[in-house]
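Everything below belongs to start_16.tsv, which stores TSV, C-alpha atoms.
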```tsv
chain	number	residue	atom	x	y	z
A	15	MET	CA	67.62	101.36	114.73
A	16	PHE	CA	70.85	103.27	114.17
A	17	GLY	CA	72.75	100.83	116.37
A	18	ARG	CA	71.42	97.90	114.37
A	19	MET	CA	72.53	99.57	111.13
A	20	MET	CA	76.06	100.10	112.49
A	21	ASN	CA	76.28	96.50	113.69
A	22	ASN	CA	75.20	95.24	110.28
A	23	TYR	CA	77.72	97.54	108.59
A	24	TYR	CA	80.73	96.46	110.63
A	25	TYR	CA	79.81	92.91	111.63
A	26	GLY	CA	77.62	91.72	108.75
A	27	LYS	CA	74.13	90.30	108.75
A	28	SER	CA	73.26	87.13	110.59
A	29	GLY	CA	71.32	84.22	109.16
A	30	LYS	CA	73.36	83.77	105.98
A	31	GLY	CA	73.95	80.16	105.01
A	32	ASP	CA	77.46	78.72	105.12
A	33	TYR	CA	79.16	76.75	102.41
A	34	ASN	CA	78.52	73.05	102.31
A	35	LYS	CA	81.27	70.69	101.18
A	36	ASP	CA	80.06	70.58	97.58
A	37	ASP	CA	80.42	74.37	97.33
A	38	LEU	CA	84.06	74.52	98.38
A	39	PRO	CA	86.56	75.62	95.68
A	40	GLU	CA	88.92	72.98	94.35
A	41	ASN	CA	91.98	75.21	93.74
A	42	ARG	CA	93.51	78.51	94.83
A	43	TRP	CA	92.35	80.41	91.77
A	44	GLN	CA	88.72	79.47	92.37
A	45	LEU	CA	89.07	80.29	96.07
A	46	PHE	CA	90.47	83.74	95.30
A	47	TRP	CA	87.70	84.78	92.93
A	48	GLU	CA	84.94	83.30	95.07
A	49	MET	CA	86.18	85.05	98.20
A	50	LEU	CA	86.70	88.31	96.30
A	51	ARG	CA	83.13	88.18	95.04
A	52	THR	CA	81.78	87.33	98.48
A	53	ARG	CA	83.87	89.87	100.41
A	54	PHE	CA	84.04	92.72	97.90
A	55	SER	CA	81.68	95.07	99.74
A	56	ALA	CA	83.31	94.19	103.06
A	57	LEU	CA	86.72	95.00	101.57
A	58	CYS	CA	85.40	98.45	100.64
A	59	ARG	CA	84.20	99.03	104.20
A	60	LEU	CA	87.50	97.78	105.63
A	61	ASN	CA	89.44	100.00	103.23
A	62	LEU	CA	87.52	103.10	104.37
A	63	MET	CA	88.72	102.45	107.92
A	64	TYR	CA	92.30	101.71	106.92
A	65	VAL	CA	92.75	104.57	104.43
A	66	VAL	CA	92.47	107.13	107.25
A	67	VAL	CA	96.00	106.31	108.39
A	68	TRP	CA	97.31	106.79	104.83
A	69	LEU	CA	95.65	110.18	104.30
A	70	PRO	CA	98.73	112.18	105.43
A	71	ALA	CA	100.95	110.34	102.92
A	72	LEU	CA	98.37	110.64	100.14
A	73	ILE	CA	97.97	114.38	100.76
A	74	VAL	CA	101.74	114.94	100.78
A	75	ILE	CA	102.17	113.03	97.50
A	76	MET	CA	99.26	114.78	95.81
A	77	MET	CA	100.28	118.28	96.86
A	78	THR	CA	103.94	117.69	95.96
A	79	TYR	CA	103.05	116.34	92.53
A	80	LEU	CA	100.62	119.11	91.61
A	81	SER	CA	102.67	121.98	93.07
A	82	GLY	CA	105.86	120.54	91.61
A	83	ILE	CA	104.44	120.52	88.10
A	84	SER	CA	103.14	124.07	88.49
A	85	ASN	CA	106.38	125.47	89.94
A	86	LEU	CA	108.58	123.65	87.45
A	87	SER	CA	106.57	124.90	84.47
A	88	THR	CA	106.77	128.45	85.88
A	89	MET	CA	110.56	128.22	86.24
A	90	LEU	CA	110.99	126.90	82.71
A	91	ALA	CA	108.76	129.67	81.40
A	92	ALA	CA	110.84	132.26	83.25
A	93	ARG	CA	114.09	130.85	81.83
A	94	ASP	CA	112.96	130.93	78.19
A	95	GLY	CA	111.21	134.30	78.47
A	96	THR	CA	107.65	133.14	77.89
A	97	LEU	CA	106.62	134.08	81.43
A	98	ALA	CA	107.72	137.71	80.95
A	99	ALA	CA	105.90	137.83	77.62
A	100	ALA	CA	102.73	136.47	79.24
A	101	VAL	CA	102.91	139.09	81.98
A	102	GLU	CA	103.36	141.90	79.43
A	103	GLU	CA	100.46	140.59	77.35
A	104	ALA	CA	98.23	140.42	80.41
A	105	GLN	CA	99.17	143.93	81.50
A	106	ALA	CA	98.40	145.23	78.03
A	107	ALA	CA	94.91	143.70	78.03
A	108	GLU	CA	92.04	146.19	77.97
A	109	ASP	CA	90.14	144.66	80.91
A	110	GLY	CA	93.24	144.86	83.09
A	111	GLU	CA	92.30	141.66	84.93
A	112	THR	CA	94.95	138.96	85.18
A	113	THR	CA	96.02	136.14	87.46
A	114	ILE	CA	99.67	136.64	86.46
A	115	SER	CA	101.19	138.94	89.06
A	116	TYR	CA	104.94	138.38	88.75
A	117	THR	CA	107.23	141.40	88.93
A	118	ASP	CA	110.39	141.70	86.85
A	119	GLU	CA	112.51	140.91	89.92
A	120	GLU	CA	110.50	137.75	90.69
A	121	ILE	CA	110.79	136.59	87.09
A	122	ALA	CA	114.56	137.14	87.22
A	123	GLN	CA	114.81	135.15	90.45
A	124	LEU	CA	112.79	132.28	88.98
A	125	ALA	CA	114.99	132.26	85.89
A	126	GLU	CA	118.09	131.82	88.06
A	127	ILE	CA	116.76	128.66	89.76
A	128	ASP	CA	118.08	125.46	88.24
A	129	PRO	CA	115.09	123.13	87.56
A	130	MET	CA	117.22	120.08	88.40
A	131	ASP	CA	118.21	121.52	91.77
A	132	TYR	CA	114.56	122.32	92.45
A	133	MET	CA	113.47	118.77	91.59
A	134	GLU	CA	116.18	117.21	93.76
A	135	SER	CA	115.27	119.44	96.69
A	136	THR	CA	111.57	118.70	96.28
A	137	ILE	CA	112.14	114.93	96.12
A	138	TYR	CA	114.36	114.99	99.21
A	139	THR	CA	111.89	117.09	101.20
A	140	THR	CA	108.96	114.90	100.16
A	141	LEU	CA	110.72	111.66	101.09
A	142	LEU	CA	111.72	113.17	104.44
A	143	ILE	CA	108.13	114.16	105.22
A	144	LEU	CA	106.87	110.74	104.15
A	145	VAL	CA	109.02	108.92	106.74
A	146	PRO	CA	106.64	109.53	109.70
A	147	CYS	CA	103.60	109.32	107.40
A	148	ILE	CA	104.56	105.77	106.41
A	149	ALA	CA	105.87	104.82	109.86
A	150	ILE	CA	102.46	105.23	111.53
A	151	THR	CA	100.79	102.81	109.08
A	152	GLY	CA	102.49	99.64	110.36
A	153	PRO	CA	100.14	98.62	113.20
A	154	PHE	CA	97.08	99.29	111.04
A	155	THR	CA	98.58	97.24	108.20
A	156	ALA	CA	98.90	94.35	110.66
A	157	GLY	CA	95.19	94.68	111.46
A	158	LEU	CA	94.29	94.80	107.77
A	159	SER	CA	96.51	91.78	107.08
A	160	TYR	CA	94.79	89.73	109.77
A	161	VAL	CA	91.26	90.34	108.48
A	162	THR	CA	92.14	89.84	104.80
A	163	ARG	CA	94.13	86.69	105.63
A	164	ASN	CA	91.07	85.13	107.23
A	165	TRP	CA	88.79	86.17	104.39
A	166	ALA	CA	91.24	84.90	101.76
A	167	ARG	CA	91.08	81.40	103.24
A	168	ASP	CA	87.30	81.53	103.80
A	169	GLU	CA	87.41	82.07	107.54
A	170	HIS	CA	85.32	84.46	109.56
A	171	ALA	CA	86.65	87.82	110.75
A	172	PHE	CA	84.81	90.81	112.17
A	173	ILE	CA	85.72	93.99	110.33
A	174	TRP	CA	86.15	96.22	113.36
A	175	SER	CA	86.84	94.04	116.41
A	176	ASP	CA	89.36	91.68	114.75
A	177	TYR	CA	91.01	94.61	113.00
A	178	LYS	CA	91.36	96.42	116.33
A	179	ASP	CA	92.59	93.34	118.23
A	180	ALA	CA	95.26	92.59	115.62
A	181	ILE	CA	96.51	96.17	115.89
A	182	LYS	CA	96.77	95.89	119.67
A	183	GLU	CA	98.60	92.54	119.58
A	184	ASN	CA	101.15	93.39	116.86
A	185	TRP	CA	101.73	97.13	117.06
A	186	LYS	CA	105.31	97.03	118.38
A	187	GLN	CA	106.78	94.71	115.76
A	188	SER	CA	104.74	96.15	112.91
A	189	LEU	CA	105.81	99.67	113.86
A	190	VAL	CA	109.48	98.70	113.47
A	191	ILE	CA	108.73	97.26	110.02
A	192	SER	CA	106.89	100.39	108.89
A	193	VAL	CA	109.61	102.72	110.24
A	194	ILE	CA	112.22	100.86	108.19
A	195	THR	CA	109.90	100.92	105.18
A	196	GLY	CA	109.49	104.68	105.51
A	197	LEU	CA	113.23	105.31	105.86
A	198	LEU	CA	114.42	103.17	102.95
A	199	PRO	CA	113.18	105.40	100.07
A	200	LEU	CA	114.97	108.37	101.65
A	201	LEU	CA	118.14	106.34	102.24
A	202	LEU	CA	118.00	105.04	98.67
A	203	TYR	CA	117.72	108.54	97.24
A	204	VAL	CA	120.51	109.98	99.42
A	205	GLY	CA	122.79	106.98	98.94
A	206	TRP	CA	122.21	106.79	95.20
A	207	ARG	CA	123.04	110.49	94.73
A	208	PHE	CA	125.98	110.46	97.13
A	209	TYR	CA	127.72	107.41	95.67
A	210	GLY	CA	126.72	108.46	92.17
A	211	GLN	CA	128.61	111.73	92.55
A	212	LEU	CA	131.63	109.87	93.94
A	213	ALA	CA	131.45	107.42	91.03
A	214	LEU	CA	132.14	110.30	88.63
A	215	THR	CA	135.74	110.36	89.90
A	216	ASN	CA	136.04	106.81	91.28
A	217	THR	CA	134.41	103.99	89.32
A	218	PHE	CA	134.59	101.65	92.35
A	219	MET	CA	131.86	103.74	94.04
A	220	ILE	CA	129.34	102.11	91.68
A	221	VAL	CA	129.53	99.04	93.94
A	222	PRO	CA	128.08	100.67	97.10
A	223	GLN	CA	125.63	102.56	94.89
A	224	LEU	CA	124.25	99.29	93.51
A	225	LEU	CA	124.40	97.71	96.98
A	226	VAL	CA	122.05	100.39	98.34
A	227	LEU	CA	119.67	99.71	95.46
A	228	MET	CA	119.77	95.95	96.06
A	229	ILE	CA	118.99	96.37	99.77
A	230	VAL	CA	115.87	98.38	98.96
A	231	ILE	CA	114.76	95.92	96.27
A	232	VAL	CA	115.18	92.92	98.60
A	233	TRP	CA	113.20	94.69	101.31
A	234	ALA	CA	110.48	95.65	98.82
A	235	ILE	CA	109.94	92.05	97.71
A	236	SER	CA	110.28	90.64	101.23
A	237	ILE	CA	107.76	93.00	102.82
A	238	THR	CA	105.11	90.95	101.01
A	239	TYR	CA	105.68	88.26	103.66
A	240	PHE	CA	106.47	90.33	106.78
A	241	TYR	CA	102.96	91.28	107.88
A	242	PRO	CA	101.35	87.89	107.06
A	243	LEU	CA	104.12	86.14	109.02
A	244	LEU	CA	103.66	88.54	111.91
A	245	ILE	CA	99.93	87.95	112.32
A	246	THR	CA	99.98	84.22	111.50
A	247	TYR	CA	102.85	82.83	113.58
A	248	ASP	CA	104.18	83.51	117.08
A	249	LEU	CA	107.62	84.74	116.01
A	250	SER	CA	110.08	87.30	117.27
A	251	LEU	CA	110.74	90.31	115.06
A	252	LYS	CA	114.14	88.86	114.14
A	253	ASN	CA	112.55	85.62	112.91
A	254	VAL	CA	109.80	87.50	111.07
A	255	LEU	CA	112.40	89.48	109.13
A	256	ARG	CA	114.59	86.44	108.61
A	257	ASN	CA	111.80	84.22	107.27
A	258	GLY	CA	110.39	87.04	105.16
A	259	LEU	CA	113.77	87.66	103.54
A	260	LEU	CA	114.29	83.94	102.92
A	261	LEU	CA	110.85	83.55	101.33
A	262	GLY	CA	111.35	86.68	99.25
A	263	VAL	CA	114.60	85.36	97.80
A	264	ALA	CA	113.44	81.73	97.52
A	265	ARG	CA	110.28	82.78	95.67
A	266	LEU	CA	112.03	85.54	93.74
A	267	PRO	CA	110.05	85.45	90.44
A	268	MET	CA	106.67	85.34	92.20
A	269	SER	CA	107.81	87.87	94.82
A	270	VAL	CA	108.79	90.32	92.10
A	271	GLY	CA	105.60	89.55	90.16
A	272	ILE	CA	103.28	90.21	93.10
A	273	ARG	CA	105.11	93.48	93.85
A	274	LEU	CA	104.84	94.62	90.22
A	275	LEU	CA	101.15	93.70	90.27
A	276	HIS	CA	100.62	96.16	93.12
A	277	CYS	CA	102.24	98.88	90.98
A	278	VAL	CA	99.72	98.52	88.14
A	279	PRO	CA	97.15	101.02	89.56
A	280	VAL	CA	99.92	103.60	90.06
A	281	LEU	CA	101.16	103.14	86.50
A	282	ILE	CA	97.61	103.54	85.20
A	283	GLY	CA	97.25	106.70	87.28
A	284	PHE	CA	100.44	108.20	85.83
A	285	ALA	CA	99.32	107.21	82.34
A	286	LEU	CA	96.07	109.12	82.92
A	287	CYS	CA	98.10	112.11	84.14
A	288	TYR	CA	100.10	112.07	80.91
A	289	LEU	CA	97.29	111.31	78.47
A	290	TRP	CA	94.41	113.14	80.14
A	291	SER	CA	95.20	115.63	82.91
A	292	PRO	CA	97.50	115.61	85.95
A	293	VAL	CA	94.65	116.74	88.19
A	294	TYR	CA	92.15	114.15	86.97
A	295	GLY	CA	94.76	111.40	86.92
A	296	ILE	CA	95.66	112.03	90.56
A	297	LEU	CA	91.98	112.23	91.52
A	298	VAL	CA	91.20	108.89	89.83
A	299	LEU	CA	94.18	107.22	91.51
A	300	GLY	CA	93.27	108.74	94.88
A	301	ALA	CA	89.64	107.63	94.55
A	302	TYR	CA	90.75	104.05	93.80
A	303	TYR	CA	92.90	103.83	96.92
A	304	ILE	CA	90.30	105.54	99.10
A	305	LEU	CA	87.51	103.18	98.01
A	306	ILE	CA	89.23	99.78	97.82
A	307	GLY	CA	92.86	99.98	96.69
A	308	PHE	CA	94.64	99.20	99.96
A	309	ALA	CA	92.31	96.39	101.06
A	310	LEU	CA	92.31	94.79	97.59
A	311	SER	CA	96.10	94.87	97.46
A	312	ARG	CA	96.34	93.27	100.88
A	313	PHE	CA	93.70	90.66	99.95
A	314	VAL	CA	95.75	89.67	96.88
A	315	THR	CA	98.84	89.44	99.07
A	316	ALA	CA	97.00	87.31	101.64
A	317	SER	CA	95.74	84.90	98.97
A	318	TYR	CA	99.28	84.46	97.69
A	319	THR	CA	101.01	84.17	101.07
A	320	ASN	CA	98.44	81.68	102.36
A	321	ALA	CA	99.47	79.33	99.54
A	322	VAL	CA	103.19	79.95	100.17
A	323	PHE	CA	102.87	79.32	103.91
A	324	ASP	CA	100.96	76.08	103.32
A	325	LYS	CA	103.68	74.83	100.98
A	326	TYR	CA	106.81	75.88	102.85
A	327	LEU	CA	105.80	76.29	106.50
A	328	ASN	CA	102.51	74.69	107.50
A	329	SER	CA	103.36	71.41	105.78
A	330	ARG	CA	106.37	71.10	108.08
A	331	ILE	CA	104.56	72.04	111.29
A	332	GLU	CA	102.98	69.10	113.06
A	333	GLY	CA	99.24	69.56	113.43
A	334	ALA	CA	99.07	72.66	111.27
A	335	GLU	CA	96.07	72.78	108.93
A	336	VAL	CA	96.76	73.31	105.24
A	337	ASN	CA	94.58	74.24	102.25
A	338	ARG	CA	92.00	76.05	104.34
A	339	GLY	CA	88.93	76.95	102.35
A	340	LEU	CA	89.65	74.33	99.67
A	341	ARG	CA	87.82	71.09	99.03
A	342	LYS	CA	89.89	68.17	100.33
A	343	PRO	CA	89.89	64.54	99.14
A	344	ASP	CA	88.75	63.52	102.63
A	345	ASP	CA	85.54	65.46	102.06
A	346	ASP	CA	84.68	63.25	99.08
A	347	ASP	CA	85.39	60.11	101.13
A	348	GLU	CA	83.13	61.37	103.94
A	349	ASP	CA	80.36	62.14	101.44
A	350	GLU	CA	80.59	58.61	100.00
A	351	GLU	CA	80.46	57.08	103.47
A	352	THR	CA	77.45	59.21	104.34
A	353	GLU	CA	75.64	58.16	101.15
A	354	GLU	CA	76.37	54.49	101.85
A	355	THR	CA	75.09	54.80	105.40
A	356	GLU	CA	71.92	56.53	104.26
A	357	GLY	CA	71.41	53.84	101.59
A	358	LYS	CA	71.67	51.06	104.16
A	359	GLN	CA	69.19	52.81	106.43
A	360	ASP	CA	66.71	53.11	103.57
```
Let me see whether you can do it: turn the structure in this file into structure tokens.
Amino acid sequence: MFGRMMNNYYYGKSGKGDYNKDDLPENRWQLFWEMLRTRFSALCRLNLMYVVVWLPALIVIMMTYLSGISNLSTMLAARDGTLAAAVEEAQAAEDGETTISYTDEEIAQLAEIDPMDYMESTIYTTLLILVPCIAITGPFTAGLSYVTRNWARDEHAFIWSDYKDAIKENWKQSLVISVITGLLPLLLYVGWRFYGQLALTNTFMIVPQLLVLMIVIVWAISITYFYPLLITYDLSLKNVLRNGLLLGVARLPMSVGIRLLHCVPVLIGFALCYLWSPVYGILVLGAYYILIGFALSRFVTASYTNAVFDKYLNSRIEGAEVNRGLRKPDDDDEDEETEETEGKQD
């Protein structure tokens, strides 16, 4: 009984009817919403498997954000004297119980710390720790991309076995992509600060500073295509990166738009932190990504890249099928021929 439940959970239930030709969507928008409705629960299950590899990064970000706010507020309180006043008030309380246990020496040390130096050090340390946390996600992102690509074009994919097979087949190339992705935020931060300080005395240093920023932006918009290219076509890593960069630049407005769309949940989370509570805002954002956030983001990406590949790549490849999952004009012609044949037989 337990084995049957696990098979149903990961592989789905048998006996469900397939689409007939009249049910097929006529455009990409209809296909996206229909597949999202059909695969929503499966996306949640897939996300629960995938999110495990992102837990180290999520924990690092959450702990850094919450501890950073707490430490920064304590330093500011020590600098303006409110921390010392709070300690004195707590010590003067009749019950004698307090959670504030700073000594005068500790308060003086906190007051000497520059909040800006503390923030810069915290950001650098966090980005450094995130490099391996992001690097390990690449092979699993390839597996997620394969399953969501099939679902986005109304093709079958087993949640566990296809996910696992795609990881095994693409782990080397995808690991290189994720290592670069993990390093770039750190390189951006170091390069921006380094050339920014040099630009204070030499205006020409603004050029390499902006160049570092442009490299990261181009990579950020091109990564939309890297994993779908990797799991869809038999390409070397060099050609995957080359084609991804070309598509990112050629489809610049849409590439930027799809990347900004993925940032919406994060912006909502930060808005909740500001308007409601930092703790609750982080918890809501974390719950979203744990339940469905990663799989939904990848499903949106797959729906978009499927259309781009059909237009720019598959249409130029002899024998390649395009518009998978969509109703084709040939289907209508076949239906008419079938109706005519049935009418003659009657």
For Val190 (chain A), the closest of A:Ala285, A:Leu251, A:Ala171, A:Met219 counting all atoms listed in the file is A:Leu251
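Nearest residue to Ser175 (chain A), choosing from A:Arg265, A:Leu60, A:Leu274, A:Tyr302 and counting all atoms listed in the file: A:Leu60.
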Within 9 Å of Ser317 (chain A), counting only C-alpha atoms, which residues qualify if same-chain residues fewer than 2 places away don't, as a list in words? Arg42, Leu45, Phe46, Thr162, Arg163, Trp165, Ala166, Arg167, Arg312, Phe313, Val314, Thr315, Thr319, Asn320 and Ala321 of chain A
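Proximity to Lys342 (chain A) was assessed for A:Met130, A:Leu141, A:Leu38, A:Val204 counting only C-alpha atoms; the smallest distance is recorded for A:Leu38.
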Ala264 (chain A) environment, 12 Å, all atoms listed in the file, sequence neighbours closer than 6 positions dropped, as a PyMOL selection string: chain A and resi 232+235-236+239+257-258+270+322+326
CA of Leu297 (chain A) to CA of Pro70 (chain A), straight-line distance in Å: 15.5 Å
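Restricting the calculation to only C-alpha atoms, the smallest distance between Asn61 (chain A) and any of A:Ser87, A:Ser250, A:Ser159, A:Asn184 is found for A:Ser159.
Among the candidates A:Met49, A:Leu225, A:Leu202, A:Thr140, the one nearest to Met76 (chain A) when counting all atoms listed in the file is A:Thr140.
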Write out as a ChimeraX atom specification which residues come within 7 Å of Leu197 (chain A) when counting all atoms listed in the file, dropping same-chain ones fewer than 4 positions away. /A:145,193,201
Calculate how many Å separate CA of Trp206 (chain A) from CA of Ser81 (chain A), rounding to one decimal. 24.8 Å
Measuring atom to atom with all atoms listed in the file, identify which of A:Phe54, A:Glu48, A:Leu69, A:Lys178 is nearest to Ala301 (chain A). A:Leu69
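From CA of Ile245 (chain A) back to CA of Val278 (chain A), the distance works out to 26.4 Å.
Every protein or nucleic acid residue with an atom no more than 9 Å from Phe240 (chain A), counting all atoms listed in the file and leaving out same-chain residues fewer than 2 positions away, appears here: Ser188, Ile191, Ser236, Ile237, Thr238, Pro242, Leu243, Leu244, Ile245, Val254, Leu255, Asn257, Gly258 and Leu259 of chain A.
For the point (97.1, 101.2, 93.0), the residues with an atom at a distance of at most 10 Å are Leu275, His276, Cys277, Val278, Pro279, Val280, Leu281, Ile282, Gly283, Leu299, Gly300, Ala301, Tyr302, Tyr303, Ile306, Gly307, Phe308, Leu310 and Ser311 of chain A, counting all atoms listed in the file.
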Next, the residues of the selection above should be written as a PDB file, in the coordinates of the input with C-alpha atoms.
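selection_37.pdb, written as the output of this step:
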```pdb
ATOM      1  CA  LEU A 275     101.150  93.700  90.270  1.00  0.00           C
ATOM      2  CA  HIS A 276     100.620  96.160  93.120  1.00  0.00           C
ATOM      3  CA  CYS A 277     102.240  98.880  90.980  1.00  0.00           C
ATOM      4  CA  VAL A 278      99.720  98.520  88.140  1.00  0.00           C
ATOM      5  CA  PRO A 279      97.150 101.020  89.560  1.00  0.00           C
ATOM      6  CA  VAL A 280      99.920 103.600  90.060  1.00  0.00           C
ATOM      7  CA  LEU A 281     101.160 103.140  86.500  1.00  0.00           C
ATOM      8  CA  ILE A 282      97.610 103.540  85.200  1.00  0.00           C
ATOM      9  CA  GLY A 283      97.250 106.700  87.280  1.00  0.00           C
ATOM     10  CA  LEU A 299      94.180 107.220  91.510  1.00  0.00           C
ATOM     11  CA  GLY A 300      93.270 108.740  94.880  1.00  0.00           C
ATOM     12  CA  ALA A 301      89.640 107.630  94.550  1.00  0.00           C
ATOM     13  CA  TYR A 302      90.750 104.050  93.800  1.00  0.00           C
ATOM     14  CA  TYR A 303      92.900 103.830  96.920  1.00  0.00           C
ATOM     15  CA  ILE A 306      89.230  99.780  97.820  1.00  0.00           C
ATOM     16  CA  GLY A 307      92.860  99.980  96.690  1.00  0.00           C
ATOM     17  CA  PHE A 308      94.640  99.200  99.960  1.00  0.00           C
ATOM     18  CA  LEU A 310      92.310  94.790  97.590  1.00  0.00           C
ATOM     19  CA  SER A 311      96.100  94.870  97.460  1.00  0.00           C
TER      20      SER A 311
END
```
Using only C-alpha atoms, what residues lie at most 12 Å away from (96.8, 77.5, 110.2) (file coordinates), given as a PyMOL selection string? chain A and resi 163-164+167+169+242-243+245-248+320-321+323-325+327-339
Identify, on the basis of all atoms listed in the file, every residue whose closest approach to Glu183 (chain A) does not exceed 10 Å; exclude the query and any residue fewer than 6 positions from it along the same chain; express the result as a list in words. Pro153, Ala156, Gly157 and Ile245 of chain A
Exercise on region 255-274 of chain A, axis-aligned box with 5 Å per side, report centre and edge lengths in Å to one decimal, as JSON:
```
{"center_x": 108.9, "center_y": 88.2, "center_z": 99.6, "size_x": 21.3, "size_y": 22.9, "size_z": 29.0}
```
Residue completion, region 246-264 of chain A, N, CA and C atoms, as an mmCIF file, in the frame of the given file:
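Generated file (rebuild_9.cif):
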```
data_model
loop_
_atom_site.group_PDB
_atom_site.id
_atom_site.type_symbol
_atom_site.label_atom_id
_atom_site.label_comp_id
_atom_site.auth_asym_id
_atom_site.auth_seq_id
_atom_site.Cartn_x
_atom_site.Cartn_y
_atom_site.Cartn_z
ATOM 1 N N THR A 246 100.326 85.632 111.612
ATOM 2 C CA THR A 246 99.980 84.220 111.500
ATOM 3 C C THR A 246 100.739 83.340 112.480
ATOM 4 N N TYR A 247 102.000 83.667 112.744
ATOM 5 C CA TYR A 247 102.850 82.830 113.580
ATOM 6 C C TYR A 247 103.360 83.626 114.787
ATOM 7 N N ASP A 248 103.644 82.906 115.852
ATOM 8 C CA ASP A 248 104.180 83.510 117.080
ATOM 9 C C ASP A 248 105.701 83.558 116.945
ATOM 10 N N LEU A 249 106.197 84.607 116.295
ATOM 11 C CA LEU A 249 107.620 84.740 116.010
ATOM 12 C C LEU A 249 108.143 86.051 116.567
ATOM 13 N N SER A 250 109.425 86.053 116.901
ATOM 14 C CA SER A 250 110.080 87.300 117.270
ATOM 15 C C SER A 250 110.271 88.149 116.014
ATOM 16 N N LEU A 251 110.535 89.425 116.208
ATOM 17 C CA LEU A 251 110.740 90.310 115.060
ATOM 18 C C LEU A 251 111.924 89.836 114.214
ATOM 19 N N LYS A 252 112.968 89.358 114.870
ATOM 20 C CA LYS A 252 114.140 88.860 114.140
ATOM 21 C C LYS A 252 113.754 87.708 113.222
ATOM 22 N N ASN A 253 112.946 86.769 113.721
ATOM 23 C CA ASN A 253 112.550 85.620 112.910
ATOM 24 C C ASN A 253 111.547 86.011 111.821
ATOM 25 N N VAL A 254 110.706 87.018 112.103
ATOM 26 C CA VAL A 254 109.800 87.500 111.070
ATOM 27 C C VAL A 254 110.589 88.059 109.892
ATOM 28 N N LEU A 255 111.576 88.896 110.194
ATOM 29 C CA LEU A 255 112.400 89.480 109.130
ATOM 30 C C LEU A 255 113.222 88.408 108.425
ATOM 31 N N ARG A 256 113.760 87.493 109.194
ATOM 32 C CA ARG A 256 114.590 86.440 108.610
ATOM 33 C C ARG A 256 113.775 85.562 107.657
ATOM 34 N N ASN A 257 112.631 85.083 108.117
ATOM 35 C CA ASN A 257 111.800 84.220 107.270
ATOM 36 C C ASN A 257 111.238 84.978 106.078
ATOM 37 N N GLY A 258 110.887 86.248 106.278
ATOM 38 C CA GLY A 258 110.390 87.040 105.160
ATOM 39 C C GLY A 258 111.445 87.227 104.084
ATOM 40 N N LEU A 259 112.685 87.501 104.498
ATOM 41 C CA LEU A 259 113.770 87.660 103.540
ATOM 42 C C LEU A 259 114.055 86.350 102.807
ATOM 43 N N LEU A 260 114.044 85.239 103.544
ATOM 44 C CA LEU A 260 114.290 83.940 102.920
ATOM 45 C C LEU A 260 113.199 83.595 101.896
ATOM 46 N N LEU A 261 111.945 83.833 102.258
ATOM 47 C CA LEU A 261 110.850 83.550 101.330
ATOM 48 C C LEU A 261 110.898 84.479 100.127
ATOM 49 N N GLY A 262 111.268 85.749 100.359
ATOM 50 C CA GLY A 262 111.350 86.680 99.250
ATOM 51 C C GLY A 262 112.388 86.276 98.232
ATOM 52 N N VAL A 263 113.537 85.793 98.707
ATOM 53 C CA VAL A 263 114.600 85.360 97.800
ATOM 54 C C VAL A 263 114.273 83.994 97.194
ATOM 55 N N ALA A 264 113.751 83.063 98.003
ATOM 56 C CA ALA A 264 113.440 81.730 97.520
ATOM 57 C C ALA A 264 112.346 81.754 96.461
#
```
